[in-house]
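Visitor: Pasting run05.cif below, which is mmCIF, C-alpha atoms.
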data_start
#
loop_
_atom_site.group_PDB
_atom_site.id
_atom_site.type_symbol
_atom_site.label_atom_id
_atom_site.label_comp_id
_atom_site.auth_asym_id
_atom_site.auth_seq_id
_atom_site.Cartn_x
_atom_site.Cartn_y
_atom_site.Cartn_z
ATOM 1 C CA MET N 588 78.483 117.626 98.338
ATOM 2 C CA LEU N 589 80.972 115.250 99.890
ATOM 3 C CA LYS N 590 80.955 111.451 99.670
ATOM 4 C CA ILE N 591 83.202 109.078 101.610
ATOM 5 C CA GLU N 592 83.549 105.387 100.725
ATOM 6 C CA ARG N 593 85.814 102.420 101.417
ATOM 7 C CA VAL N 594 86.894 103.481 104.910
ATOM 8 C CA SER N 595 89.568 101.248 106.464
ATOM 9 C CA VAL N 596 91.283 101.579 109.863
ATOM 10 C CA MET N 597 94.637 99.821 110.159
ATOM 11 C CA ASN N 598 97.446 99.072 112.631
ATOM 12 C CA LEU N 599 95.436 99.478 115.830
ATOM 13 C CA GLU N 600 97.067 96.453 117.482
ATOM 14 C CA ASN N 601 100.608 97.680 116.871
ATOM 15 C CA ALA N 602 99.764 101.211 117.950
ATOM 16 C CA ILE N 603 98.340 100.052 121.294
ATOM 17 C CA ARG N 604 101.339 97.799 121.899
ATOM 18 C CA GLY N 605 103.578 100.807 121.246
ATOM 19 C CA ALA N 606 101.574 102.868 123.715
ATOM 20 C CA ARG N 607 102.677 100.425 126.426
ATOM 21 C CA ASN N 608 106.379 100.573 125.505
ATOM 22 C CA PRO N 609 107.355 103.529 127.751
ATOM 23 C CA MET N 610 106.335 101.701 130.939
ATOM 24 C CA ASN N 611 107.059 98.132 129.718
ATOM 25 C CA SER N 612 103.458 97.313 130.616
ATOM 26 C CA TRP N 613 102.656 94.909 127.791
ATOM 27 C CA HIS N 614 101.578 92.230 130.291
ATOM 28 C CA LEU N 615 98.598 94.434 131.223
ATOM 29 C CA SER N 616 97.231 94.486 127.700
ATOM 30 C CA ASP N 617 93.716 93.025 127.492
ATOM 31 C CA SER N 618 92.785 93.597 123.829
ATOM 32 C CA HIS N 619 91.937 90.808 121.392
ATOM 33 C CA TYR N 620 90.582 89.923 117.954
ATOM 34 C CA ASP N 621 86.912 89.076 117.690
ATOM 35 C CA GLU N 622 85.367 86.374 115.492
ATOM 36 C CA GLU N 623 85.157 88.775 112.539
ATOM 37 C CA GLY N 624 88.853 89.619 112.688
ATOM 38 C CA ASN N 625 88.415 93.068 114.234
ATOM 39 C CA TYR N 626 90.852 94.203 116.901
ATOM 40 C CA VAL N 627 88.870 95.031 120.037
ATOM 41 C CA LEU N 628 90.413 97.205 122.742
ATOM 42 C CA GLY N 629 90.088 95.827 126.230
ATOM 43 C CA GLU N 630 89.063 97.955 129.195
ATOM 44 C CA LYS N 631 92.636 98.483 130.441
ATOM 45 C CA ASP N 632 94.063 99.308 127.014
ATOM 46 C CA LEU N 633 91.223 101.709 126.247
ATOM 47 C CA ASP N 634 91.650 103.458 129.588
ATOM 48 C CA LEU N 635 95.384 103.913 128.955
ATOM 49 C CA ALA N 636 94.814 105.116 125.402
ATOM 50 C CA GLY N 637 92.240 107.663 126.527
ATOM 51 C CA ARG N 638 94.477 109.027 129.294
ATOM 52 C CA LEU N 639 97.425 109.380 126.912
ATOM 53 C CA CYS N 640 95.284 111.188 124.349
ATOM 54 C CA ARG N 641 93.972 113.668 126.883
ATOM 55 C CA ALA N 642 97.500 114.302 128.205
ATOM 56 C CA GLY N 643 98.506 116.004 124.953
ATOM 57 C CA SER N 644 100.265 115.400 121.651
ATOM 58 C CA ASP N 645 103.605 114.502 123.271
ATOM 59 C CA HIS N 646 101.960 111.611 125.116
ATOM 60 C CA ARG N 647 99.648 110.337 122.374
ATOM 61 C CA LYS N 648 102.303 109.525 119.776
ATOM 62 C CA PHE N 649 100.709 106.107 119.358
ATOM 63 C CA VAL N 650 97.687 107.590 117.538
ATOM 64 C CA ARG N 651 100.002 108.618 114.688
ATOM 65 C CA MET N 652 100.390 104.869 114.089
ATOM 66 C CA ILE N 653 96.636 104.295 113.603
ATOM 67 C CA PHE N 654 96.057 104.714 109.881
ATOM 68 C CA VAL N 655 92.830 105.474 108.049
ATOM 69 C CA SER N 656 92.284 105.055 104.308
ATOM 70 C CA MET N 657 89.204 106.395 102.536
ATOM 71 C CA ASP N 658 87.926 107.368 99.111
ATOM 72 C CA VAL N 659 86.655 110.959 99.202
ATOM 73 C CA THR N 660 84.701 112.644 96.410
ATOM 74 C CA ALA N 661 84.489 116.381 97.025
ATOM 75 C CA PRO N 662 84.482 119.706 95.178
ATOM 76 C CA LEU N 663 87.750 121.463 94.431
ATOM 77 C CA TYR N 664 86.856 124.298 96.801
ATOM 78 C CA TRP N 665 86.792 121.758 99.672
ATOM 79 C CA TRP N 666 90.016 120.058 98.601
ATOM 80 C CA LYS N 667 91.748 123.448 98.743
ATOM 81 C CA GLU N 668 90.965 123.602 102.468
ATOM 82 C CA TYR N 669 91.720 119.931 103.075
ATOM 83 C CA ASP N 670 95.228 120.411 101.663
ATOM 84 C CA THR N 671 96.043 122.426 104.791
ATOM 85 C CA TYR N 672 96.462 119.031 106.479
ATOM 86 C CA LYS N 673 99.034 117.552 104.097
ATOM 87 C CA VAL N 674 101.581 116.801 106.859
ATOM 88 C CA GLY N 675 101.390 113.071 107.584
ATOM 89 C CA THR N 676 98.792 112.432 104.891
ATOM 90 C CA VAL N 677 98.898 110.957 101.390
ATOM 91 C CA ALA N 678 96.377 111.319 98.556
ATOM 92 C CA ASN N 679 96.107 109.960 95.024
ATOM 93 C CA SER N 680 93.616 111.939 92.962
ATOM 94 C CA CYS N 681 91.881 111.494 89.661
ATOM 95 C CA SER N 682 93.779 113.704 87.230
ATOM 96 C CA THR N 683 92.090 116.738 85.703
ATOM 97 C CA MET N 684 95.179 117.393 83.593
ATOM 98 C CA HIS N 685 95.062 114.007 81.869
ATOM 99 C CA LYS N 686 91.399 113.014 82.013
ATOM 100 C CA ILE N 687 89.330 116.217 82.003
ATOM 101 C CA HIS N 688 88.282 115.610 78.394
ATOM 102 C CA SER N 689 87.587 111.873 78.711
ATOM 103 C CA LYS N 690 83.871 112.043 79.599
ATOM 104 C CA PRO N 691 80.994 114.447 78.980
ATOM 105 C CA PHE N 692 80.418 117.246 81.491
ATOM 106 C CA THR N 693 77.131 116.742 83.325
ATOM 107 C CA LEU N 694 75.515 118.436 86.297
ATOM 108 C CA GLU N 695 76.380 115.422 88.474
ATOM 109 C CA ASP N 696 80.096 116.212 88.053
ATOM 110 C CA PHE N 697 79.669 119.327 90.181
ATOM 111 C CA SER N 698 78.514 120.144 93.693
ATOM 112 C CA HIS N 699 75.320 122.136 93.304
ATOM 113 C CA ASP N 700 73.260 121.070 96.311
ATOM 114 C CA HIS N 701 73.195 124.581 97.851
ATOM 115 C CA MET N 702 72.573 126.602 94.687
ATOM 116 C CA THR N 703 69.484 128.744 94.358
ATOM 117 C CA PRO N 704 67.193 127.832 91.427
ATOM 118 C CA ASP N 705 68.294 130.912 89.482
ATOM 119 C CA ALA N 706 71.984 130.145 89.961
ATOM 120 C CA LEU N 707 71.416 126.520 89.016
ATOM 121 C CA SER N 708 69.752 127.534 85.753
ATOM 122 C CA HIS N 709 72.718 129.705 84.770
ATOM 123 C CA PHE N 710 75.134 127.015 85.905
ATOM 124 C CA GLN N 711 73.524 124.424 83.625
ATOM 125 C CA ASP N 712 74.107 126.795 80.692
ATOM 126 C CA TYR N 713 77.728 127.106 81.783
ATOM 127 C CA ILE N 714 78.140 123.319 81.864
ATOM 128 C CA SER N 715 76.634 123.101 78.382
ATOM 129 C CA TYR N 716 79.271 125.537 77.148
ATOM 130 C CA LEU N 717 82.038 123.509 78.818
ATOM 131 C CA GLU N 718 80.751 120.419 77.045
ATOM 132 C CA GLN N 719 80.839 122.237 73.702
ATOM 133 C CA VAL N 720 84.460 123.177 74.328
ATOM 134 C CA ARG N 721 85.262 119.567 75.225
ATOM 135 C CA LEU N 722 83.734 118.245 72.013
ATOM 136 C CA ARG N 723 85.596 120.810 69.921
ATOM 137 C CA TYR N 724 88.827 119.821 71.646
ATOM 138 C CA LEU N 725 88.230 116.147 70.870
ATOM 139 C CA GLU N 726 87.752 117.048 67.218
ATOM 140 C CA THR N 727 90.723 119.359 66.839
ATOM 141 C CA LYS N 728 93.141 118.536 69.697
ATOM 142 C CA ASP N 729 93.688 122.295 69.851
ATOM 143 C CA LYS N 730 95.664 122.979 73.040
ATOM 144 C CA GLU N 731 93.996 126.370 73.452
ATOM 145 C CA LEU N 732 90.653 124.590 73.803
ATOM 146 C CA TRP N 733 92.192 122.283 76.402
ATOM 147 C CA TYR N 734 93.318 125.355 78.323
ATOM 148 C CA ASP N 735 89.783 126.732 78.034
ATOM 149 C CA MET N 736 88.494 123.624 79.808
ATOM 150 C CA ILE N 737 91.108 123.803 82.554
ATOM 151 C CA GLN N 738 90.703 127.517 83.212
ATOM 152 C CA LEU N 739 86.920 127.545 82.943
ATOM 153 C CA LEU N 740 86.536 124.571 85.289
ATOM 154 C CA PRO N 741 84.638 125.844 88.365
ATOM 155 C CA SER N 742 85.733 125.087 91.910
ATOM 156 C CA SER N 743 82.519 123.086 92.391
ATOM 157 C CA TYR N 744 83.949 120.315 90.163
ATOM 158 C CA ASN N 745 83.999 117.048 92.129
ATOM 159 C CA GLN N 746 87.272 115.153 92.362
ATOM 160 C CA LEU N 747 87.898 111.682 93.781
ATOM 161 C CA ARG N 748 90.958 111.111 95.942
ATOM 162 C CA THR N 749 92.069 108.053 97.870
ATOM 163 C CA CYS N 750 93.441 109.440 101.124
ATOM 164 C CA THR N 751 95.525 107.981 103.931
ATOM 165 C CA LEU N 752 95.602 109.811 107.250
ATOM 166 C CA ASN N 753 96.221 108.928 110.879
ATOM 167 C CA TYR N 754 94.275 109.555 114.069
ATOM 168 C CA GLU N 755 96.494 112.532 114.982
ATOM 169 C CA ASN N 756 95.608 114.206 111.664
ATOM 170 C CA LEU N 757 91.966 113.551 112.410
ATOM 171 C CA ILE N 758 92.213 115.132 115.876
ATOM 172 C CA SER N 759 93.470 118.340 114.254
ATOM 173 C CA ILE N 760 90.867 118.254 111.494
ATOM 174 C CA TYR N 761 87.988 117.562 113.861
ATOM 175 C CA ARG N 762 88.866 120.339 116.297
ATOM 176 C CA ALA N 763 89.410 122.918 113.560
ATOM 177 C CA ARG N 764 86.501 122.056 111.248
ATOM 178 C CA LYS N 765 83.599 120.565 113.222
ATOM 179 C CA ASP N 766 81.847 123.952 113.386
ATOM 180 C CA HIS N 767 82.873 125.167 109.929
ATOM 181 C CA LYS N 768 80.380 126.956 107.685
ATOM 182 C CA LEU N 769 80.883 124.438 104.833
ATOM 183 C CA GLN N 770 78.482 121.504 105.086
ATOM 184 C CA GLU N 771 81.145 119.261 103.555
ATOM 185 C CA TRP N 772 83.213 119.578 106.729
ATOM 186 C CA HIS N 773 80.237 118.513 108.840
ATOM 187 C CA THR N 774 79.893 115.407 106.675
ATOM 188 C CA PHE N 775 83.601 114.655 107.029
ATOM 189 C CA CYS N 776 83.526 115.161 110.808
ATOM 190 C CA HIS N 777 80.506 112.874 111.117
ATOM 191 C CA VAL N 778 82.535 110.119 109.438
ATOM 192 C CA ILE N 779 85.366 110.782 111.905
ATOM 193 C CA GLU N 780 82.902 110.354 114.772
ATOM 194 C CA GLU N 781 81.984 106.893 113.437
ATOM 195 C CA LEU N 782 85.567 105.560 113.398
ATOM 196 C CA PRO N 783 86.580 102.905 115.967
ATOM 197 C CA TYR N 784 87.083 104.442 119.432
ATOM 198 C CA ALA N 785 86.712 107.948 118.032
ATOM 199 C CA SER N 786 85.203 109.362 121.239
ATOM 200 C CA GLN N 787 88.217 108.232 123.290
ATOM 201 C CA LEU N 788 91.005 108.791 120.749
ATOM 202 C CA ILE N 789 89.890 111.617 118.423
ATOM 203 C CA THR N 790 86.899 113.716 119.513
ATOM 204 C CA PHE N 791 87.567 113.841 123.267
#
Please, can you express the file's structure as structure tokens?
Guide:
Amino acid sequence: MLKIERVSVMNLENAIRGARNPMNSWHLSDSHYDEEGNYVLGEKDLDLAGRLCRAGSDHRKFVRMIFVSMDVTAPLYWWKEYDTYKVGTVANSCSTMHKIHSKPFTLEDFSHDHMTPDALSHFQDYISYLEQVRLRYLETKDKELWYDMIQLLPSSYNQLRTCTLNYENLISIYRARKDHKLQEWHTFCHVIEELPYASQLITF
């Protein structure tokens, strides 16, 4: 399970202006803001941007200036792979260290959408045990019980992070993960495909 919310794309205008700096060709820019306040790339700017992107990372430096912010809820096993892309990215996560005991454990806290019925039945028993440990910890504040929660927590536990990336990060992620065996990566790549000008600037 992977859920993405509150997607924002920022700094497109400045990035495109910067793309024209090497040739001092700002007078050829034909982009504008529409009535809803969105920055719309004109035909000339989009053509230039696409050619620079296809020419390679040395030529598409401007895409590192196009920022994307999103809230991502995903299991810990997916976050472990996502953390490969930490260069040029920032993430603030909900803290398991500080808040793991603050709410009851329920099935909805975990990714279980691909479990077989038998596995799911056993997993529900496991969650029930985790909840018993949590309640005992709240009663006693015994640090050993807190450690039980932390070390028993399965990698399917869903964590929310607010992430900031740029289009260059997304090029790398898309190329490396679009055919990955984890369904979560397919969901993430589908969101990438829906970003403004993704076909010209990211998924080309």
Visitor: Write out as a PyMOL selection string the residues lying within 8 Å of Ala602 (chain N), counting only C-alpha atoms and excluding same-chain residues fewer than 4 positions away.
Guide: chain N and resi 598+606+649-650+652-653
Visitor: Which residues fall under the PyMOL selection byres ((chain N and resi 622-635) around 9) in this file, as an MDAnalysis selection string?
Guide: chainID N and resid 599:600 603 606:607 615:621 636:640 784 787:788
Visitor: For Lys673 (chain N), work out the shell of residues within 12 Å, counting all atoms listed in the file and skipping chain neighbours fewer than 4 positions away, then give it as a list in words.
Guide: Trp666, Lys667, Glu668, Tyr669, Val677, Ala678, Cys750, Thr751, Leu752, Asn753, Asn756, Leu757, Ser759 and Ile760 of chain N
Visitor: Please measure the separation of CA of Leu663 (chain N) and CA of Ser595 (chain N), giving the value in Å to one decimal.
Guide: 23.6 Å
Visitor: Which protein, DNA or RNA residues have an atom at most 12 Å from (90.7, 109.1, 88.6), counting only C-alpha atoms? List them as a ChimeraX atom specification.
Guide: /N:658-660,678-687,689-690,745-749
